[in-house]
$ cat work-v7.txt   # compact mmCIF, C-alpha atoms and all ligand atoms
# COMPACT_ATOMS: atom_id res chain seq x y z
CA MET A 1 67.27 -65.70 107.43
CA ALA A 2 63.89 -64.07 106.77
CA SER A 3 64.14 -61.08 104.49
CA PRO A 4 63.09 -57.77 106.09
CA SER A 5 59.46 -56.92 105.46
CA PRO A 6 58.93 -54.13 102.95
CA LEU A 7 58.11 -50.68 104.37
CA SER A 8 54.71 -50.83 102.75
CA ASP A 9 53.79 -53.65 105.21
CA LEU A 10 54.02 -51.10 108.00
CA ILE A 11 51.42 -48.84 106.43
CA ASP A 12 47.84 -49.47 107.37
CA PRO A 13 46.00 -49.06 104.04
CA GLY A 14 42.83 -48.02 105.87
CA ALA A 15 44.63 -45.27 107.77
CA ALA A 16 46.19 -43.90 104.60
CA THR A 17 42.83 -43.31 102.94
CA VAL A 18 40.94 -41.78 105.90
CA ALA A 19 41.54 -38.03 105.93
CA PRO A 20 41.36 -36.47 109.40
CA ARG A 21 38.03 -34.79 110.09
CA PRO A 22 38.31 -31.03 109.82
CA ALA A 23 38.60 -29.23 113.16
CA VAL A 24 35.94 -26.96 111.72
CA ARG A 25 33.93 -27.15 108.52
CA MET A 26 31.76 -24.16 107.61
CA THR A 27 29.45 -24.76 104.67
CA ASP A 28 27.44 -22.20 102.64
CA ILE A 29 27.52 -19.59 105.38
CA ARG A 30 25.54 -16.43 104.68
CA HIS A 31 24.88 -13.79 107.30
CA ARG A 32 22.94 -10.52 107.25
CA PHE A 33 22.67 -7.64 109.65
CA ASP A 34 19.42 -6.00 108.45
CA ASP A 35 20.15 -4.97 104.85
CA LEU A 36 23.87 -5.58 105.04
CA ILE A 37 25.28 -8.91 103.83
CA ALA A 38 28.24 -9.42 106.16
CA VAL A 39 29.15 -12.95 105.02
CA ASP A 40 28.18 -14.07 101.55
CA ASP A 41 28.24 -17.79 100.75
CA VAL A 42 31.45 -18.84 102.47
CA SER A 43 32.62 -22.43 102.82
CA LEU A 44 35.82 -23.17 104.69
CA ASP A 45 37.62 -26.10 106.35
CA VAL A 46 40.41 -25.99 108.93
CA SER A 47 42.29 -29.25 109.54
CA PRO A 48 43.59 -30.33 112.95
CA GLY A 49 46.98 -28.69 113.54
CA GLU A 50 46.45 -26.22 110.71
CA VAL A 51 46.51 -22.42 111.06
CA VAL A 52 44.18 -20.66 108.63
CA CYS A 53 44.14 -16.85 108.59
CA LEU A 54 41.11 -14.83 107.53
CA LEU A 55 42.71 -11.76 105.98
CA GLY A 56 40.95 -8.70 104.66
CA PRO A 57 40.12 -5.04 105.16
CA SER A 58 37.92 -3.73 107.96
CA GLY A 59 34.28 -4.70 107.56
CA CYS A 60 34.80 -7.61 105.12
CA GLY A 61 33.13 -10.13 107.45
CA LYS A 62 36.09 -11.84 109.16
CA THR A 63 34.89 -11.40 112.74
CA THR A 64 31.33 -12.38 111.87
CA LEU A 65 32.59 -15.64 110.35
CA LEU A 66 34.69 -16.33 113.45
CA ARG A 67 31.76 -15.58 115.76
CA ILE A 68 29.56 -17.98 113.77
CA ALA A 69 32.19 -20.73 114.23
CA ALA A 70 32.31 -19.97 117.96
CA GLY A 71 28.52 -20.04 118.34
CA LEU A 72 28.41 -16.38 119.35
CA GLU A 73 26.25 -15.62 116.27
CA ASP A 74 23.38 -17.83 115.09
CA VAL A 75 23.72 -19.57 111.75
CA GLN A 76 21.25 -17.93 109.35
CA HIS A 77 22.22 -20.01 106.32
CA GLY A 78 24.45 -23.07 106.00
CA ARG A 79 26.00 -25.17 108.76
CA VAL A 80 29.00 -25.56 111.05
CA GLN A 81 30.65 -28.87 111.97
CA LEU A 82 33.35 -29.28 114.58
CA ASP A 83 35.47 -32.40 114.36
CA GLY A 84 32.74 -33.97 112.22
CA ASP A 85 29.88 -33.11 114.61
CA LEU A 86 27.12 -30.81 113.41
CA VAL A 87 27.00 -27.98 115.96
CA ALA A 88 24.91 -25.39 114.14
CA GLU A 89 22.57 -25.30 111.18
CA ALA A 90 20.16 -22.67 109.88
CA GLY A 91 16.75 -22.99 111.49
CA ARG A 92 17.94 -25.14 114.42
CA ARG A 93 19.27 -24.23 117.83
CA GLY A 94 23.05 -24.64 117.82
CA VAL A 95 25.34 -26.12 120.47
CA PRO A 96 26.17 -23.22 122.84
CA PRO A 97 29.71 -21.77 122.70
CA GLU A 98 30.82 -23.23 126.04
CA LYS A 99 29.98 -26.75 124.87
CA ARG A 100 31.89 -26.55 121.57
CA SER A 101 35.45 -27.33 122.70
CA VAL A 102 36.61 -24.07 121.19
CA GLY A 103 39.34 -21.79 122.60
CA LEU A 104 38.75 -18.08 122.10
CA MET A 105 41.24 -15.23 122.16
CA PHE A 106 40.48 -11.61 121.30
CA GLN A 107 42.37 -8.33 121.00
CA ASP A 108 41.54 -7.64 124.64
CA SER A 109 42.74 -10.45 126.91
CA ALA A 110 39.66 -10.09 129.20
CA LEU A 111 41.37 -11.85 132.13
CA PHE A 112 39.50 -12.06 135.42
CA PRO A 113 41.09 -9.28 137.52
CA HIS A 114 40.35 -10.91 140.89
CA LEU A 115 42.06 -14.22 139.96
CA THR A 116 45.80 -14.88 139.77
CA VAL A 117 47.44 -15.76 136.47
CA LEU A 118 47.36 -19.48 137.30
CA GLU A 119 43.74 -19.32 138.45
CA ASN A 120 42.83 -17.58 135.21
CA VAL A 121 44.54 -20.29 133.15
CA VAL A 122 42.89 -23.23 134.94
CA PHE A 123 39.48 -21.54 135.14
CA GLY A 124 37.93 -23.80 132.49
CA LEU A 125 39.40 -27.04 133.87
CA GLY A 126 36.78 -27.65 136.56
CA SER A 127 36.31 -31.30 135.57
CA LEU A 128 39.98 -32.21 136.24
CA PRO A 129 41.41 -33.20 139.66
CA LEU A 130 43.05 -30.22 141.37
CA ALA A 131 46.62 -31.51 140.97
CA ASP A 132 46.12 -32.10 137.23
CA ARG A 133 44.69 -28.61 136.82
CA GLY A 134 47.75 -27.09 138.47
CA ARG A 135 50.12 -29.23 136.39
CA ARG A 136 48.39 -28.26 133.12
CA GLY A 137 48.35 -24.58 134.09
CA HIS A 138 52.04 -24.49 135.01
CA GLU A 139 53.00 -26.42 131.88
CA LEU A 140 51.26 -23.88 129.61
CA LEU A 141 52.60 -20.89 131.54
CA GLU A 142 56.15 -22.27 131.21
CA GLN A 143 55.64 -22.85 127.49
CA LEU A 144 54.49 -19.24 127.09
CA ARG A 145 57.33 -17.90 129.28
CA MET A 146 54.97 -16.81 132.04
CA GLY A 147 55.89 -19.39 134.69
CA GLN A 148 57.30 -16.79 137.06
CA TYR A 149 54.01 -14.84 137.06
CA ALA A 150 51.76 -17.79 138.07
CA HIS A 151 50.75 -16.12 141.36
CA ALA A 152 50.64 -12.52 140.11
CA TYR A 153 47.40 -10.66 139.39
CA PRO A 154 46.64 -9.49 135.84
CA HIS A 155 46.91 -5.75 136.62
CA VAL A 156 50.69 -6.04 137.19
CA LEU A 157 51.23 -7.57 133.73
CA SER A 158 52.01 -5.75 130.48
CA GLY A 159 49.55 -6.01 127.58
CA GLY A 160 51.74 -8.62 125.92
CA GLN A 161 52.00 -10.70 129.08
CA GLN A 162 48.23 -10.56 129.50
CA GLN A 163 47.83 -11.88 125.96
CA ARG A 164 50.17 -14.79 126.76
CA VAL A 165 47.99 -15.64 129.76
CA ALA A 166 44.84 -15.36 127.64
CA LEU A 167 46.39 -17.78 125.15
CA ALA A 168 47.32 -20.22 127.93
CA ARG A 169 43.75 -20.01 129.27
CA ALA A 170 42.27 -20.68 125.83
CA LEU A 171 44.60 -23.66 125.25
CA ALA A 172 44.22 -25.18 128.74
CA PRO A 173 41.14 -27.37 128.06
CA ALA A 174 42.88 -28.74 124.90
CA PRO A 175 40.17 -27.45 122.52
CA ARG A 176 39.85 -28.97 119.06
CA LEU A 177 39.54 -25.50 117.54
CA MET A 178 41.19 -22.18 118.44
CA LEU A 179 39.56 -18.95 117.27
CA LEU A 180 41.75 -15.84 117.50
CA ASP A 181 40.47 -12.38 116.55
CA GLU A 182 43.24 -9.78 116.00
CA PRO A 183 45.01 -11.07 119.13
CA PHE A 184 48.16 -8.99 118.61
CA SER A 185 46.78 -5.73 117.23
CA ALA A 186 46.93 -3.79 120.52
CA LEU A 187 50.64 -4.60 121.00
CA ASP A 188 53.61 -2.54 119.85
CA ALA A 189 55.61 -3.88 116.92
CA ARG A 190 58.59 -5.45 118.71
CA LEU A 191 56.48 -7.15 121.34
CA ARG A 192 54.08 -8.31 118.67
CA ASP A 193 56.82 -10.20 116.80
CA GLN A 194 57.84 -12.17 119.91
CA ILE A 195 54.29 -13.00 120.91
CA ARG A 196 53.33 -14.04 117.41
CA ASP A 197 56.27 -16.42 117.35
CA ASP A 198 55.45 -17.97 120.74
CA THR A 199 51.75 -18.16 119.83
CA LEU A 200 52.50 -19.97 116.57
CA HIS A 201 54.62 -22.59 118.36
CA ALA A 202 52.07 -23.03 121.15
CA LEU A 203 49.25 -23.47 118.62
CA LYS A 204 51.25 -25.96 116.58
CA SER A 205 52.21 -28.05 119.59
CA SER A 206 48.57 -28.09 120.78
CA GLY A 207 47.42 -29.89 117.61
CA ALA A 208 44.21 -27.80 117.51
CA GLY A 209 43.01 -26.30 114.25
CA THR A 210 43.22 -22.50 114.33
CA LEU A 211 41.23 -19.80 112.60
CA LEU A 212 42.91 -16.43 113.07
CA VAL A 213 41.46 -13.09 111.99
CA THR A 214 43.85 -10.34 110.93
CA HIS A 215 43.94 -7.34 108.60
CA ASP A 216 47.76 -7.45 108.50
CA PRO A 217 49.15 -9.38 105.50
CA GLU A 218 52.57 -9.84 107.07
CA GLU A 219 50.99 -11.33 110.17
CA ALA A 220 48.91 -13.67 108.03
CA MET A 221 52.01 -14.81 106.13
CA PHE A 222 53.89 -15.35 109.38
CA MET A 223 51.14 -17.34 111.07
CA ALA A 224 49.26 -19.16 108.32
CA ASP A 225 49.50 -22.53 106.66
CA ARG A 226 46.71 -21.19 104.46
CA ILE A 227 45.28 -17.70 104.03
CA ALA A 228 41.69 -16.94 103.04
CA ILE A 229 41.60 -13.41 101.67
CA MET A 230 38.16 -11.81 102.04
CA ARG A 231 36.39 -8.85 100.51
CA ASP A 232 32.73 -7.81 100.88
CA GLY A 233 31.81 -10.97 102.79
CA ARG A 234 33.34 -13.38 100.27
CA ILE A 235 36.53 -15.40 100.10
CA LEU A 236 38.35 -14.17 96.99
CA GLN A 237 41.17 -16.71 97.17
CA ILE A 238 42.33 -19.33 99.66
CA GLY A 239 45.65 -21.10 99.62
CA HIS A 240 49.20 -21.33 100.83
CA PRO A 241 50.74 -17.86 101.35
CA VAL A 242 53.03 -18.49 98.34
CA ASP A 243 49.98 -19.14 96.12
CA LEU A 244 48.36 -15.87 97.13
CA TYR A 245 51.54 -13.83 96.84
CA CYS A 246 52.95 -15.36 93.65
CA ARG A 247 49.78 -16.56 91.89
CA PRO A 248 47.12 -14.01 92.90
CA ALA A 249 43.70 -14.68 91.38
CA ASP A 250 42.50 -11.08 91.53
CA PRO A 251 44.04 -7.56 91.49
CA PHE A 252 42.71 -7.00 95.02
CA VAL A 253 44.84 -9.91 96.25
CA VAL A 254 47.94 -8.30 94.71
CA THR A 255 47.31 -4.86 96.16
CA PHE A 256 46.32 -6.12 99.60
CA PHE A 257 49.85 -7.45 100.11
CA GLY A 258 51.36 -4.00 99.53
CA ASP A 259 52.16 -1.06 97.30
CA VAL A 260 52.17 -1.70 93.51
CA ASN A 261 53.04 0.24 90.37
CA ARG A 262 50.01 0.16 88.08
CA PHE A 263 49.77 0.64 84.29
CA GLU A 264 47.12 0.12 81.65
CA GLY A 265 47.59 -0.95 78.06
CA VAL A 266 46.02 -2.86 75.18
CA VAL A 267 47.16 -6.46 74.60
CA GLU A 268 49.00 -6.81 71.27
CA ARG A 269 50.46 -10.11 70.13
CA GLY A 270 50.01 -11.48 73.65
CA GLU A 271 51.87 -8.64 75.36
CA VAL A 272 51.21 -5.26 76.94
CA LEU A 273 53.66 -2.41 76.41
CA THR A 274 54.41 -0.58 79.68
CA PRO A 275 56.89 2.18 80.56
CA VAL A 276 59.13 -0.53 82.06
CA GLY A 277 59.02 -2.81 79.02
CA ARG A 278 56.84 -5.45 77.39
CA VAL A 279 54.95 -7.78 79.69
CA GLU A 280 53.34 -11.08 78.74
CA ALA A 281 49.52 -11.05 79.04
CA THR A 282 48.87 -14.76 79.45
CA GLY A 283 45.24 -15.70 78.91
CA LEU A 284 44.14 -12.29 77.58
CA GLN A 285 43.06 -11.84 73.97
CA ASP A 286 44.64 -9.26 71.69
CA GLY A 287 42.71 -6.00 71.86
CA THR A 288 41.81 -6.44 75.57
CA LEU A 289 42.44 -3.42 77.75
CA ALA A 290 44.67 -4.77 80.53
CA GLN A 291 45.94 -3.55 83.89
CA VAL A 292 49.51 -4.42 84.77
CA LEU A 293 50.47 -4.56 88.45
CA VAL A 294 54.21 -4.41 89.12
CA ARG A 295 55.38 -5.00 92.69
CA PRO A 296 58.18 -2.61 93.71
CA GLU A 297 60.51 -5.60 94.21
CA ALA A 298 59.95 -6.53 90.54
CA LEU A 299 61.91 -3.40 89.54
CA ARG A 300 65.61 -4.03 90.07
CA VAL A 301 67.52 -0.81 89.74
CA VAL A 302 70.97 -0.78 88.14
CA VAL A 303 72.98 2.44 88.36
CA VAL A 304 74.38 3.65 85.00
CA GLY A 305 76.56 6.76 84.42
CA GLU A 306 77.07 9.79 86.63
CA PRO A 307 74.42 11.59 88.68
CA GLY A 308 73.11 14.70 86.98
CA THR A 309 73.57 13.32 83.48
CA HIS A 310 70.26 11.52 83.50
CA ASP A 311 68.23 11.26 80.35
CA ARG A 312 65.07 9.23 80.74
CA THR A 313 64.94 6.95 83.79
CA HIS A 314 66.43 8.44 86.96
CA VAL A 315 66.19 8.52 90.74
CA ILE A 316 63.93 11.06 92.46
CA MET A 317 64.88 10.01 95.99
CA SER A 318 65.77 6.91 97.98
CA ARG A 319 65.02 5.85 101.55
CA LEU A 320 66.26 3.08 103.81
CA LEU A 321 63.25 1.25 105.30
CA GLY A 322 65.27 -1.27 107.36
CA ARG A 323 65.51 -4.62 105.64
CA THR A 324 64.84 -3.01 102.25
CA SER A 325 65.40 0.30 100.51
CA LEU A 326 62.76 2.19 98.54
CA THR A 327 63.75 4.15 95.44
CA HIS A 328 61.37 6.67 93.88
CA LEU A 329 61.95 6.70 90.13
CA CYS A 330 61.04 8.95 87.23
CA VAL A 331 60.31 6.83 84.13
CA HIS A 332 58.98 7.89 80.70
CA ASP A 333 57.05 5.86 78.16
CA ASP A 334 57.64 6.02 74.40
CA SER A 335 55.34 9.04 74.04
CA GLY A 336 57.29 10.97 76.67
CA ARG A 337 54.66 10.66 79.39
CA GLU A 338 56.23 10.70 82.84
CA TYR A 339 55.55 8.10 85.59
CA HIS A 340 56.53 8.07 89.25
CA LEU A 341 57.37 4.48 90.23
CA HIS A 342 58.61 2.70 93.33
CA SER A 343 61.36 0.08 93.44
CA ARG A 344 62.25 -1.94 96.51
CA MET A 345 65.71 -3.48 96.80
CA PRO A 346 67.07 -5.69 99.60
CA GLY A 347 69.41 -4.13 102.18
CA VAL A 348 70.95 -0.67 101.93
CA PHE A 349 70.63 0.68 98.38
CA LEU A 350 70.53 4.47 98.29
CA PRO A 351 71.34 5.90 94.85
CA GLU A 352 71.59 9.69 94.69
CA GLU A 353 68.93 12.04 93.38
CA ASN A 354 69.11 12.39 89.56
CA GLN A 355 71.19 9.22 89.25
CA PRO A 356 70.47 7.63 85.84
CA VAL A 357 69.43 3.99 86.15
CA GLU A 358 68.31 0.99 84.16
CA LEU A 359 65.48 -1.25 85.31
CA HIS A 360 65.67 -5.03 85.20
CA LEU A 361 62.35 -6.81 85.64
CA ASP A 362 61.56 -9.78 87.88
CA ARG A 363 58.61 -11.03 85.87
CA SER A 364 57.45 -13.37 88.63
CA GLN A 365 56.24 -10.29 90.55
CA ILE A 366 54.33 -8.71 87.66
CA PHE A 367 50.64 -9.56 87.22
CA VAL A 368 48.28 -8.80 84.34
CA PHE A 369 44.47 -8.73 84.59
CA PRO A 370 41.70 -7.31 82.42
CA ALA A 371 41.21 -3.59 83.23
CA GLY A 372 38.36 -3.09 85.68
CA ALA A 373 38.71 -6.61 87.15
N1 LIG B 401 26.08 -6.77 115.37
C1 LIG B 401 26.11 -6.10 114.21
N2 LIG B 401 25.07 -5.37 113.81
C2 LIG B 401 25.07 -4.72 112.63
N3 LIG B 401 26.11 -4.75 111.76
C3 LIG B 401 27.18 -5.47 112.11
C4 LIG B 401 27.24 -6.19 113.35
N4 LIG B 401 28.44 -6.81 113.41
C5 LIG B 401 29.10 -6.52 112.27
N5 LIG B 401 28.35 -5.72 111.48
C6 LIG B 401 28.72 -5.22 110.15
O1 LIG B 401 29.00 -6.35 109.34
C7 LIG B 401 30.12 -6.10 108.49
C8 LIG B 401 31.18 -7.14 108.75
O2 LIG B 401 31.69 -6.89 110.06
P1 LIG B 401 32.87 -7.75 110.68
O3 LIG B 401 33.11 -7.24 112.06
O4 LIG B 401 32.57 -9.19 110.50
O5 LIG B 401 34.07 -7.35 109.72
P2 LIG B 401 35.64 -7.49 109.95
O6 LIG B 401 36.20 -7.89 108.64
O7 LIG B 401 35.91 -8.38 111.10
O8 LIG B 401 36.05 -6.01 110.28
P3 LIG B 401 37.03 -5.44 111.42
O9 LIG B 401 38.41 -5.88 111.00
O10 LIG B 401 36.80 -3.98 111.36
O11 LIG B 401 36.56 -6.07 112.71
C9 LIG B 401 30.56 -4.67 108.78
O12 LIG B 401 29.98 -3.83 107.84
C10 LIG B 401 29.99 -4.40 110.17
O13 LIG B 401 29.72 -3.03 110.35
$ encode --input "work-v7.txt" --output "structure tokens" --more "lines below"
Ligand SMILES: Nc1ncnc2c1ncn2[C@@H]1O[C@H](COP(=O)(O)OP(=O)(O)OP(=O)(O)O)[C@@H](O)[C@H]1O
Amino acid sequence: MASPSPLSDLIDPGAATVAPRPAVRMTDIRHRFDDLIAVDDVSLDVSPGEVVCLLGPSGCGKTTLLRIAAGLEDVQHGRVQLDGDLVAEAGRRGVPPEKRSVGLMFQDSALFPHLTVLENVVFGLGSLPLADRGRRGHELLEQLRMGQYAHAYPHVLSGGQQQRVALARALAPAPRLMLLDEPFSALDARLRDQIRDDTLHALKSSGAGTLLVTHDPEEAMFMADRIAIMRDGRILQIGHPVDLYCRPADPFVVTFFGDVNRFEGVVERGEVLTPVGRVEATGLQDGTLAQVLVRPEALRVVVVGEPGTHDRTHVIMSRLLGRTSLTHLCVHDDSGREYHLHSRMPGVFLPEENQPVELHLDRSQIFVFPAGA
């Protein structure tokens, strides 16, 4: 009997070495509006099937970058390739947006009011036979839980339903790239969570690469395979959400993901002394003035003794925020200087005012940088 062929025989060595062409590749993009540099030397790839979020504060250049990918802004410097094809380069006329195989979705769904939901979804499918258009439209509406509204007009739909239709319309022509600009920001929180979830699954099953603009770090973490965090037109760090959250390259990256407790101190024997204890200052020389950023979840509060008998570290107040509880703490350093710190604990943890406590540190959520970085 012939022995079974090894698994490696099934692998095409050529296929293993050819990386898929990026859905979009933006190279050396710089963009000015008069004197203002809106995008400053950005290069970025999005792979097919990958969701990349552009995250950053208002005005950092996210939308401009997205509009350049879409062809809605000319390329002033650098170039844009879609699925390996050069579509725009500085000094040359680019491929117009409607010829780029790109699906667009914005904060405002911008549906055609005089067309039904189904007609809106199939609007861009003119080249397909009528029956195929209808099949594709119904399939997407079912996937986005809008099947029952196929023959309704947009004005009877809620904002969230309109966004589902806008997503179906953008996905209908099976674009190679989806560009989404703050698509959920006009929706209330509960609705937003459901739509985000459905959008993520629809994007993933489409196989398109996605570039999504948001200023909301939680949304970026929910949606993204990779996050590019931007400030002043530049990408400060790009990577898996865990890389950005747990291995931030810059203090701005730490603070953009939420509230932090901040201290300064001089590095001595590789450590900085803070009011919550000594912290390792990896990579900083002795004598360097350092800033220490301590996430509230890095401070684990342990109740000790009776309320009212506090000496140094004690509770000022505590609040339930839902999935976590926030404790405001009064902490003193060795010289007696007082600090007001925040601790975040999972679940319901509501120690009384004046309760003495001890703090245990989760060092994985404490970050040290040179002061002024
Ligand atoms: N058409 C324009 N003309 C002049 N300045 C512009 C134009 N579009 C954007 N800008 C400016 O360029 C900078 C980047 O804007 P952009 O919209 O890309 O930022 P953003 O990060 O998307 O911000 P937001 O989240 O507020 O939309 C901002 O300072 C903005 O005011």
$ residues_near_ligand --input "work-v7.txt" --ligand "ligand LIG 401 (chain B)" --cutoff "12 Å" --atoms "only C-alpha atoms and all ligand atoms" --output "PyMOL selection string"
chain A and resi 30-40+53-68+72-74+106-107+180-183+185+212-216+228-235
$ residues_around --input "work-v7.txt" --residues "A:Arg323" --least-positions-apart "2" --cutoff "9 Å" --atoms "only C-alpha atoms" --output "PyMOL selection string"
chain A and resi 320-321+325+345-348
$ closest_residue --input "work-v7.txt" --among "A:Val42, A:Ala220, A:Val368, A:Met178" --to "A:Glu271" --atoms "only C-alpha atoms"
A:Val368
$ residues_around --input "work-v7.txt" --residues "A:Pro96" --least-positions-apart "3" --cutoff "12 Å" --atoms "all atoms listed in the file" --output "ChimeraX atom specification"
/A:67-75,87-88,92-93,99-102
$ write_last_selection --input "work-v7.txt" --atoms "C-alpha atoms" --output "CSV table (one decimal), in the frame of the given file"
chain,number,residue,atom,x,y,z
A,67,ARG,CA,31.8,-15.6,115.8
A,68,ILE,CA,29.6,-18.0,113.8
A,69,ALA,CA,32.2,-20.7,114.2
A,70,ALA,CA,32.3,-20.0,118.0
A,71,GLY,CA,28.5,-20.0,118.3
A,72,LEU,CA,28.4,-16.4,119.4
A,73,GLU,CA,26.2,-15.6,116.3
A,74,ASP,CA,23.4,-17.8,115.1
A,75,VAL,CA,23.7,-19.6,111.8
A,87,VAL,CA,27.0,-28.0,116.0
A,88,ALA,CA,24.9,-25.4,114.1
A,92,ARG,CA,17.9,-25.1,114.4
A,93,ARG,CA,19.3,-24.2,117.8
A,99,LYS,CA,30.0,-26.8,124.9
A,100,ARG,CA,31.9,-26.6,121.6
A,101,SER,CA,35.4,-27.3,122.7
A,102,VAL,CA,36.6,-24.1,121.2
$ closest_residue --input "work-v7.txt" --among "A:Leu326, A:Val95, A:Leu141, A:Ala224" --to "A:Pro351" --atoms "only C-alpha atoms"
A:Leu326
$ atom_distance --input "work-v7.txt" --atom1 "atom CA of A:Gly305" --atom2 "atom CA of A:Pro356"
6.3 Å
$ closest_residue --input "work-v7.txt" --among "A:His342, A:Lys204, A:His332, A:His314" --to "A:Gly258" --atoms "all atoms listed in the file"
A:His342
$ closest_residue --input "work-v7.txt" --among "A:Val272, A:Leu211, A:Cys330, A:Val156" --to "A:Leu44" --atoms "all atoms listed in the file"
A:Leu211
$ closest_atom_pairs --input "work-v7.txt" --of "stretch 283-306 of chain A" --to "stretch 243-250 of chain A" --cutoff "12 Å" --atoms "all atoms listed in the file" --output "JSON lines"
{"residue": "A:Gln291", "atom": "CA", "partner": "A:Asp250", "partner_atom": "CA", "distance": 11.3}
{"residue": "A:Val292", "atom": "CA", "partner": "A:Asp250", "partner_atom": "CA", "distance": 11.8}
{"residue": "A:Leu293", "atom": "CA", "partner": "A:Asp250", "partner_atom": "CA", "distance": 10.7}
{"residue": "A:Val294", "atom": "CA", "partner": "A:Cys246", "partner_atom": "CA", "distance": 11.9}
{"residue": "A:Arg295", "atom": "CA", "partner": "A:Tyr245", "partner_atom": "CA", "distance": 10.5}
{"residue": "A:Ala298", "atom": "CA", "partner": "A:Cys246", "partner_atom": "CA", "distance": 11.7}
$ closest_residue --input "work-v7.txt" --among "A:Glu98, A:Leu350, A:Val266, A:Gly308" --to "A:Asp286" --atoms "all atoms listed in the file"
A:Val266
$ axis_aligned_box --input "work-v7.txt" --around "stretch 132-146 of chain A" --padding-each-side "4 Å" --output "AutoDock Vina command-line options"
--center_x 51.0 --center_y -24.5 --center_z 132.8 --size_x 20.6 --size_y 23.3 --size_z 19.4
$ residues_near_point --input "work-v7.txt" --point "(60.5, 3.6, 90.2)" --cutoff "6 Å" --atoms "only C-alpha atoms" --output "PyMOL selection string"
chain A and resi 328-329+341-343
